[in-house]
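*Asks:* Let me give you the structure first, and then I'll get to my questions.
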Amino acid sequence: MLAVEGLCKRFGGFLAVNEVSFDLRAGEILGLIGPNGSGKSTTFNLIAGNLRPSAGSIRFDGREIGGLAAHAICHLGIGRTFQIPRPFRKLSLLENVTVAAYHGAGGKISRAEAQHRAETALEMVGLPVSSSVQTNGMGAAALKKLELARALATKPRLLLADESLGGLDREEMEHAAEVLDDIRNRLGITIIWVEHIMGVLMRIVDRVIVLDHGEKIFEGKPAQAAVDPRVTEVYLGKART
Amino acid sequence: MDIYLLEAVINGILLGGVLALLALGLNLIFGVVDVIWIAYADIVMCAMYAIYFLYTGLSVPLPLAFLIAIIGAASLGVLVHLLIIAPVLNSAPLNQLLATGGLLFFLQSFATLLFGTDFRNIGVRLPVLEFATIYVSFARLIAFAVGLIGAIALYGFLKWTYLGIAIRALAQDRDIVGLMGVDPRRIYLVVSAIGGGLAGLAACLLALQYDVHPFIGNTFGPVIFMICVLGGLGNMIGGFVASFIISQIIAIGGYYSSTELSYVLAFTFFIVLMFIRPRGLFAR
């Protein structure tokens, strides 16, 4: 469904993503891990259209999407969440999600349908469906769920989930991981999951890619990653498994 | 209360309606596009000329002339965005100010060249109403009503339509709205059209009370900026309230002294407040 080939992103003289290639099959959950600054979020930004690739190609369902505007990529069916939640604080919780539902569908759906999609997305992640809830005062865990709900409301076929677990406690982490698993199993949405906490991720993903300094150093089953010498070297002293 | 003072207060409220309309338009554009349209009041001037020539020159019925002026001003807003704002959208704020400031001189000079510096009036005299010995200009009453309706309509649009919600979302975080499927360029065009349309609407109201000349924008421009800054740039409700505060200072000041001095008073009040509340009256 997604084919990334020779993807590069240069910021001045700094090569943030260096010749990264991978394929993604429909219905898969792919883990994208690596230490801080390894290029995970940049890769997401390139796929979602927040950044323009310096080189390489990104094909979604056979169509080149590298360099397209973010809204166009959204309309094609790719949703993403942010590592640090970026809610629209002056909008209510429901407005945050309905705006994604309506415009994610290119404005081609009715108000009722947008409302319905927003409610479904909120229920899916376990947030209250109420027009009176404000985003101000929502905790870290709830804001992460909002990120997810907003992405789901655009009805993506591919979800890019960026560090959905950072800043959560054990129980919240387990719950968030279950939600991602549920999204794949029940909604059939393909997922790329970026995380630097490896534990929970390893149990759920089908396949894992490890990045280090912008380069892919490993691709394969989670169990193999745990014993791969390069991966353990990169994660030595950092792994919190 | 002195009956003349009451009259001044009422006229002040009515003046506030037009100022509020213009402050809303400028604030909307600033809040969303993040560029200050220095030449905003000169769009009003262009629309006033359009009304003048349509009505007196081509004998177009006044309501139709108004409608054409509003649509024309909205189109001018879109043109200004496409030709002047869009190329400098990611430039330094100073360059953006220079670009829209340049537009101000361009429009004023162009109007002088085309129409000369004559003061022109559409010659529509609306009656002055008398309520128990208080005189209220009918034109101002209409201006106030339209200003209020315009403000409420804009509020409703931003509050309840999905396009409006997207506009508010973009005003808060323009980098991520694309991920929600919102095309920022389209929103900028919509907002520029609404801003231009509000300037056109204000032009209709002003044409009933004032002569049009190439520099009429200078009469309102600085006051509108002052109002927007006083209410907190980009803060729509703040700008709305500030319109009525400033119009009261102008009206009551004018009652106790002269109109010229009342503007001095208003700007003095503004400067003092900028020391006390530099981010606007309603900054949190």
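Residues are named by chain letter and number: chains run A, B, ... in the order of the structure tokens, numbers start at 1 in each chain, and ligands are numbered from 1 in the order shown.
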Write out as a VMD selection string each polymer residue whose atoms come within 12 Å of region 57-59 of chain B, counting only C-alpha atoms; drop sequence neighbours fewer than 6 positions from it.
*Replies:* chain B and resid 49 to 51 65 120 to 122
*Asks:* Give me the residues within 9 Å of Ile13 (chain B) as number ranges by chain, counting only C-alpha atoms and dropping any in the same chain fewer than 6 places off.
*Replies:* B: 144, 243-245, 247-248, 251
*Asks:* Given the selection you just returned, output its residues as a file containing N, CA and C atoms, formatted as a tab-separated table (two decimals), in the first residue's frame.
*Replies:*
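Final output, part-v5.tsv:
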```tsv
chain	number	residue	atom	x	y	z
B	144	PHE	N	-25.23	51.62	12.57
B	144	PHE	CA	-25.10	50.85	13.80
B	144	PHE	C	-25.77	49.49	13.66
B	243	SER	N	-14.08	49.18	19.73
B	243	SER	CA	-14.71	50.11	18.79
B	243	SER	C	-15.64	51.07	19.52
B	244	PHE	N	-16.39	50.50	20.46
B	244	PHE	CA	-17.36	51.34	21.15
B	244	PHE	C	-16.70	52.23	22.20
B	245	ILE	N	-15.61	51.76	22.78
B	245	ILE	CA	-14.89	52.61	23.73
B	245	ILE	C	-14.31	53.83	23.01
B	247	SER	N	-15.14	55.05	20.06
B	247	SER	CA	-16.16	55.93	19.49
B	247	SER	C	-16.80	56.80	20.58
B	248	GLN	N	-16.88	56.28	21.80
B	248	GLN	CA	-17.41	57.10	22.90
B	248	GLN	C	-16.45	58.24	23.24
B	251	ALA	N	-16.85	60.77	20.60
B	251	ALA	CA	-18.14	61.48	20.66
B	251	ALA	C	-18.23	62.40	21.89
```
*Asks:* For region 275-281 of chain B, please output as a compact mmCIF listing (two decimals) with N, CA and C atoms, in the first residue's frame all residues within 10 Å (counting only C-alpha atoms; exclusion window: fewer than 4 positions along the same chain).
*Replies:*
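For reference, result.txt as written:
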```txt
# COMPACT_ATOMS: atom_id res chain seq x y z
N ILE B 227 -8.01 50.69 17.31
CA ILE B 227 -9.04 49.85 17.92
C ILE B 227 -8.59 48.39 17.96
N CYS B 228 -8.03 47.91 16.85
CA CYS B 228 -7.61 46.51 16.79
C CYS B 228 -6.51 46.22 17.81
N VAL B 229 -5.56 47.15 17.94
CA VAL B 229 -4.46 46.94 18.88
C VAL B 229 -4.99 47.03 20.30
N LEU B 230 -5.90 47.97 20.51
CA LEU B 230 -6.48 48.14 21.85
C LEU B 230 -7.23 46.88 22.27
N GLY B 231 -7.97 46.30 21.35
CA GLY B 231 -8.72 45.08 21.67
C GLY B 231 -7.84 43.85 21.66
N GLY B 232 -6.59 44.00 21.25
CA GLY B 232 -5.69 42.85 21.12
C GLY B 232 -5.76 42.37 19.68
N LEU B 233 -4.68 42.56 18.91
CA LEU B 233 -4.70 42.21 17.48
C LEU B 233 -5.17 40.78 17.28
N ASN B 235 -7.99 39.61 18.14
CA ASN B 235 -9.07 39.29 19.09
C ASN B 235 -10.36 39.98 18.62
N GLY B 238 -12.58 41.53 21.43
CA GLY B 238 -11.85 42.68 21.97
C GLY B 238 -11.96 43.88 21.05
N GLY B 239 -11.79 43.64 19.75
CA GLY B 239 -11.88 44.72 18.77
C GLY B 239 -13.27 45.32 18.73
N VAL B 241 -15.50 45.43 21.22
CA VAL B 241 -15.71 46.27 22.41
C VAL B 241 -14.90 47.56 22.29
N ALA B 242 -13.65 47.44 21.85
CA ALA B 242 -12.78 48.61 21.74
C ALA B 242 -13.36 49.65 20.78
N PHE B 270 -5.23 55.75 24.15
CA PHE B 270 -4.64 54.55 23.56
C PHE B 270 -3.18 54.38 23.99
N ILE B 271 -2.42 55.46 23.92
CA ILE B 271 -0.99 55.39 24.26
C ILE B 271 -0.82 55.03 25.73
```
*Asks:* Applying 10 Å and only C-alpha atoms, which residues near region 71-80 of chain A remain after dropping the ones on its own chain fewer than 5 positions away? List them as a PyMOL selection string.
*Replies:* (chain A and resi 44-45+47-50+60-61+63+65-66+100+103-106+147-148+150-162+189-193) or (chain B and resi 176-184)
*Asks:* Choose the residue, out of A:Gly107, A:Gly126, A:Pro229, A:Pro222, that has the smallest atom-to-atom separation from chain B; count only C-alpha atoms.
*Replies:*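 Checking each of A:Gly107, A:Gly126, A:Pro229, A:Pro222 against chain B, counting only C-alpha atoms, the winner is A:Gly107.
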*Asks:* Enumerate as an mmCIF file with N, CA and C atoms, in the first residue's frame the residues belonging to chain B that approach chain A to within 12 Å, with only C-alpha atoms taken into account.
*Replies:*
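The resulting part-v2.cif:
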```
data_model
loop_
_atom_site.group_PDB
_atom_site.id
_atom_site.type_symbol
_atom_site.label_atom_id
_atom_site.label_comp_id
_atom_site.auth_asym_id
_atom_site.auth_seq_id
_atom_site.Cartn_x
_atom_site.Cartn_y
_atom_site.Cartn_z
ATOM 1 N N LEU B 158 -18.291 31.988 12.055
ATOM 2 C CA LEU B 158 -17.063 31.415 12.602
ATOM 3 C C LEU B 158 -17.349 30.355 13.654
ATOM 4 N N LYS B 159 -18.485 30.516 14.324
ATOM 5 C CA LYS B 159 -18.801 29.627 15.441
ATOM 6 C C LYS B 159 -19.420 28.310 14.966
ATOM 7 N N TRP B 160 -20.289 28.387 13.985
ATOM 8 C CA TRP B 160 -21.105 27.205 13.702
ATOM 9 C C TRP B 160 -20.872 26.515 12.362
ATOM 10 N N THR B 161 -20.275 27.208 11.400
ATOM 11 C CA THR B 161 -20.072 26.487 10.139
ATOM 12 C C THR B 161 -18.715 25.781 10.181
ATOM 13 N N TYR B 162 -18.596 24.705 9.411
ATOM 14 C CA TYR B 162 -17.337 23.965 9.420
ATOM 15 C C TYR B 162 -16.219 24.765 8.774
ATOM 16 N N LEU B 163 -16.587 25.623 7.812
ATOM 17 C CA LEU B 163 -15.585 26.508 7.225
ATOM 18 C C LEU B 163 -15.100 27.485 8.302
ATOM 19 N N GLY B 164 -16.044 27.996 9.087
ATOM 20 C CA GLY B 164 -15.707 28.919 10.173
ATOM 21 C C GLY B 164 -14.811 28.269 11.210
ATOM 22 N N ILE B 165 -15.130 27.014 11.563
ATOM 23 C CA ILE B 165 -14.309 26.310 12.552
ATOM 24 C C ILE B 165 -12.906 26.098 11.988
ATOM 25 N N ALA B 166 -12.838 25.783 10.684
ATOM 26 C CA ALA B 166 -11.519 25.603 10.062
ATOM 27 C C ALA B 166 -10.738 26.916 10.089
ATOM 28 N N ILE B 167 -11.436 28.036 9.892
ATOM 29 C CA ILE B 167 -10.776 29.340 9.949
ATOM 30 C C ILE B 167 -10.199 29.580 11.342
ATOM 31 N N ARG B 168 -10.993 29.242 12.366
ATOM 32 C CA ARG B 168 -10.495 29.428 13.735
ATOM 33 C C ARG B 168 -9.335 28.478 14.029
ATOM 34 N N ALA B 169 -9.443 27.262 13.500
ATOM 35 C CA ALA B 169 -8.365 26.293 13.718
ATOM 36 C C ALA B 169 -7.076 26.794 13.081
ATOM 37 N N LEU B 170 -7.190 27.304 11.862
ATOM 38 C CA LEU B 170 -6.001 27.784 11.154
ATOM 39 C C LEU B 170 -5.381 28.973 11.890
ATOM 40 N N ALA B 171 -6.232 29.831 12.475
ATOM 41 C CA ALA B 171 -5.720 30.986 13.205
ATOM 42 C C ALA B 171 -4.862 30.531 14.386
ATOM 43 N N GLN B 172 -5.152 29.328 14.920
ATOM 44 C CA GLN B 172 -4.409 28.856 16.089
ATOM 45 C C GLN B 172 -3.147 28.097 15.720
ATOM 46 N N ASP B 173 -3.205 27.292 14.677
ATOM 47 C CA ASP B 173 -2.052 26.470 14.324
ATOM 48 C C ASP B 173 -2.091 26.203 12.820
ATOM 49 N N ARG B 174 -1.436 27.086 12.063
ATOM 50 C CA ARG B 174 -1.571 26.977 10.618
ATOM 51 C C ARG B 174 -0.777 25.812 10.046
ATOM 52 N N ASP B 175 0.176 25.286 10.824
ATOM 53 C CA ASP B 175 1.032 24.223 10.296
ATOM 54 C C ASP B 175 0.343 22.869 10.224
ATOM 55 N N ILE B 176 -0.663 22.651 11.042
ATOM 56 C CA ILE B 176 -1.216 21.298 11.099
ATOM 57 C C ILE B 176 -2.607 21.166 10.494
ATOM 58 N N VAL B 177 -3.257 22.262 10.096
ATOM 59 C CA VAL B 177 -4.620 22.119 9.575
ATOM 60 C C VAL B 177 -4.663 21.261 8.317
ATOM 61 N N GLY B 178 -3.551 21.242 7.581
ATOM 62 C CA GLY B 178 -3.485 20.403 6.384
ATOM 63 C C GLY B 178 -3.746 18.944 6.711
ATOM 64 N N LEU B 179 -3.308 18.512 7.870
ATOM 65 C CA LEU B 179 -3.499 17.115 8.274
ATOM 66 C C LEU B 179 -4.955 16.798 8.543
ATOM 67 N N MET B 180 -5.749 17.854 8.762
ATOM 68 C CA MET B 180 -7.185 17.654 8.934
ATOM 69 C C MET B 180 -7.896 17.896 7.602
ATOM 70 N N GLY B 181 -7.124 17.924 6.529
ATOM 71 C CA GLY B 181 -7.713 18.058 5.201
ATOM 72 C C GLY B 181 -8.072 19.475 4.816
ATOM 73 N N VAL B 182 -7.637 20.449 5.614
ATOM 74 C CA VAL B 182 -7.961 21.841 5.301
ATOM 75 C C VAL B 182 -6.850 22.422 4.426
ATOM 76 N N ASP B 183 -7.238 23.029 3.303
ATOM 77 C CA ASP B 183 -6.265 23.658 2.423
ATOM 78 C C ASP B 183 -6.072 25.105 2.876
ATOM 79 N N PRO B 184 -4.926 25.438 3.478
ATOM 80 C CA PRO B 184 -4.750 26.790 4.022
ATOM 81 C C PRO B 184 -4.917 27.876 2.966
ATOM 82 N N ARG B 185 -4.460 27.604 1.736
ATOM 83 C CA ARG B 185 -4.557 28.648 0.700
ATOM 84 C C ARG B 185 -6.012 29.022 0.427
ATOM 85 N N ARG B 186 -6.887 28.017 0.491
ATOM 86 C CA ARG B 186 -8.299 28.286 0.248
ATOM 87 C C ARG B 186 -8.877 29.131 1.385
ATOM 88 N N ILE B 187 -8.480 28.809 2.617
ATOM 89 C CA ILE B 187 -8.965 29.568 3.764
ATOM 90 C C ILE B 187 -8.502 31.025 3.674
#
```
*Asks:* Could you give me, as a list in words, each residue of region 112-248 of chain B that DSSP assigns to strand (DSSP E or B) when run on this structure's backbone?
*Replies:* Arg120, Val128, Leu129, Glu130, Phe131, Ile134, Tyr135, Val136, Ser137 and Val212 of chain B
*Asks:* Could you state the separation of CA of Ala74 (chain B) and CA of Ser110 (chain A) in Å, given to one decimal place?
*Replies:*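 Interatomic distance here is 27.1 Å.
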*Asks:* Can you pull out every residue from region 127-229 of chain A that DSSP, working from the backbone, puts in helix (DSSP H, G or I), and format the result as a ChimeraX atom specification?
*Replies:* /A:140-153,170-187,198-204,222-227,229
*Asks:* Go ahead and compute the interatomic distance for CA of Pro87 (chain B) and CA of Val33 (chain B), in Å to one decimal.
*Replies:* 12.5 Å
*Asks:* Need the shell around Ala139 (chain B): protein/DNA/RNA residues with any atom at most 9 Å away, counting only C-alpha atoms. Skip same-chain ones fewer than 6 positions apart. Format as an MDAnalysis selection string?
*Replies:* chainID B and resid 125:128 205:206 208:209
*Asks:* Store the residues of this selection in a file with N, CA and C atoms, as a compact mmCIF listing (two decimals), in the first residue's frame.
*Replies:*
```txt
# COMPACT_ATOMS: atom_id res chain seq x y z
N ARG B 125 -29.69 62.32 1.18
CA ARG B 125 -29.87 62.91 2.52
C ARG B 125 -30.90 62.10 3.29
N LEU B 126 -30.43 61.39 4.27
CA LEU B 126 -31.37 60.65 5.10
C LEU B 126 -31.81 61.58 6.22
N PRO B 127 -33.03 61.41 6.67
CA PRO B 127 -33.55 62.33 7.68
C PRO B 127 -32.83 62.19 9.02
N VAL B 128 -32.92 63.26 9.79
CA VAL B 128 -32.42 63.20 11.16
C VAL B 128 -33.64 62.93 12.04
N LEU B 205 -22.11 52.18 4.26
CA LEU B 205 -22.59 52.96 5.40
C LEU B 205 -21.93 54.33 5.43
N LEU B 206 -20.64 54.35 5.11
CA LEU B 206 -19.91 55.62 5.17
C LEU B 206 -20.33 56.56 4.04
N LEU B 208 -23.13 57.12 3.02
CA LEU B 208 -24.34 57.83 3.40
C LEU B 208 -24.04 59.03 4.28
N GLN B 209 -22.85 59.04 4.88
CA GLN B 209 -22.54 60.11 5.83
C GLN B 209 -21.39 60.99 5.42
```
*Asks:* For Val20 (chain A), find every residue with an atom within 8 Å (counting only C-alpha atoms), except residues of its own chain fewer than 6 positions away, and show them as a ChimeraX atom specification.
*Replies:* /A:4-8,214-216
*Asks:* With a distance cut-off of 10 Å and only C-alpha atoms, select the neighbouring residues of Leu189 (chain B), excluding the residue or stretch itself and same-chain residues fewer than 5 positions from it, and output the selection as a VMD selection string.
*Replies:* chain B and resid 33 74 to 75 77 to 82 86 184 194 to 195
*Asks:* Provide the CA of Ala199 (chain B) to CA of Phe119 (chain B) distance in Å, to one decimal place.
*Replies:*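 For CA of Ala199 (chain B) relative to CA of Phe119 (chain B), the distance reads 19.9 Å.
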*Asks:* Can you work out which one of A:Lys40, A:Arg203, A:Lys144, A:Arg230 has the shortest atom-to-atom distance to Ala176 (chain A), counting only C-alpha atoms?
*Replies:*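 Answer, going by the shortest atom-to-atom distance: A:Lys144.
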*Asks:* Taking only C-alpha atoms into account, which of A:Val208, A:Ile84, A:Leu127, A:Val194 comes nearest Ala140 (chain A)?
*Replies:* A:Ile84
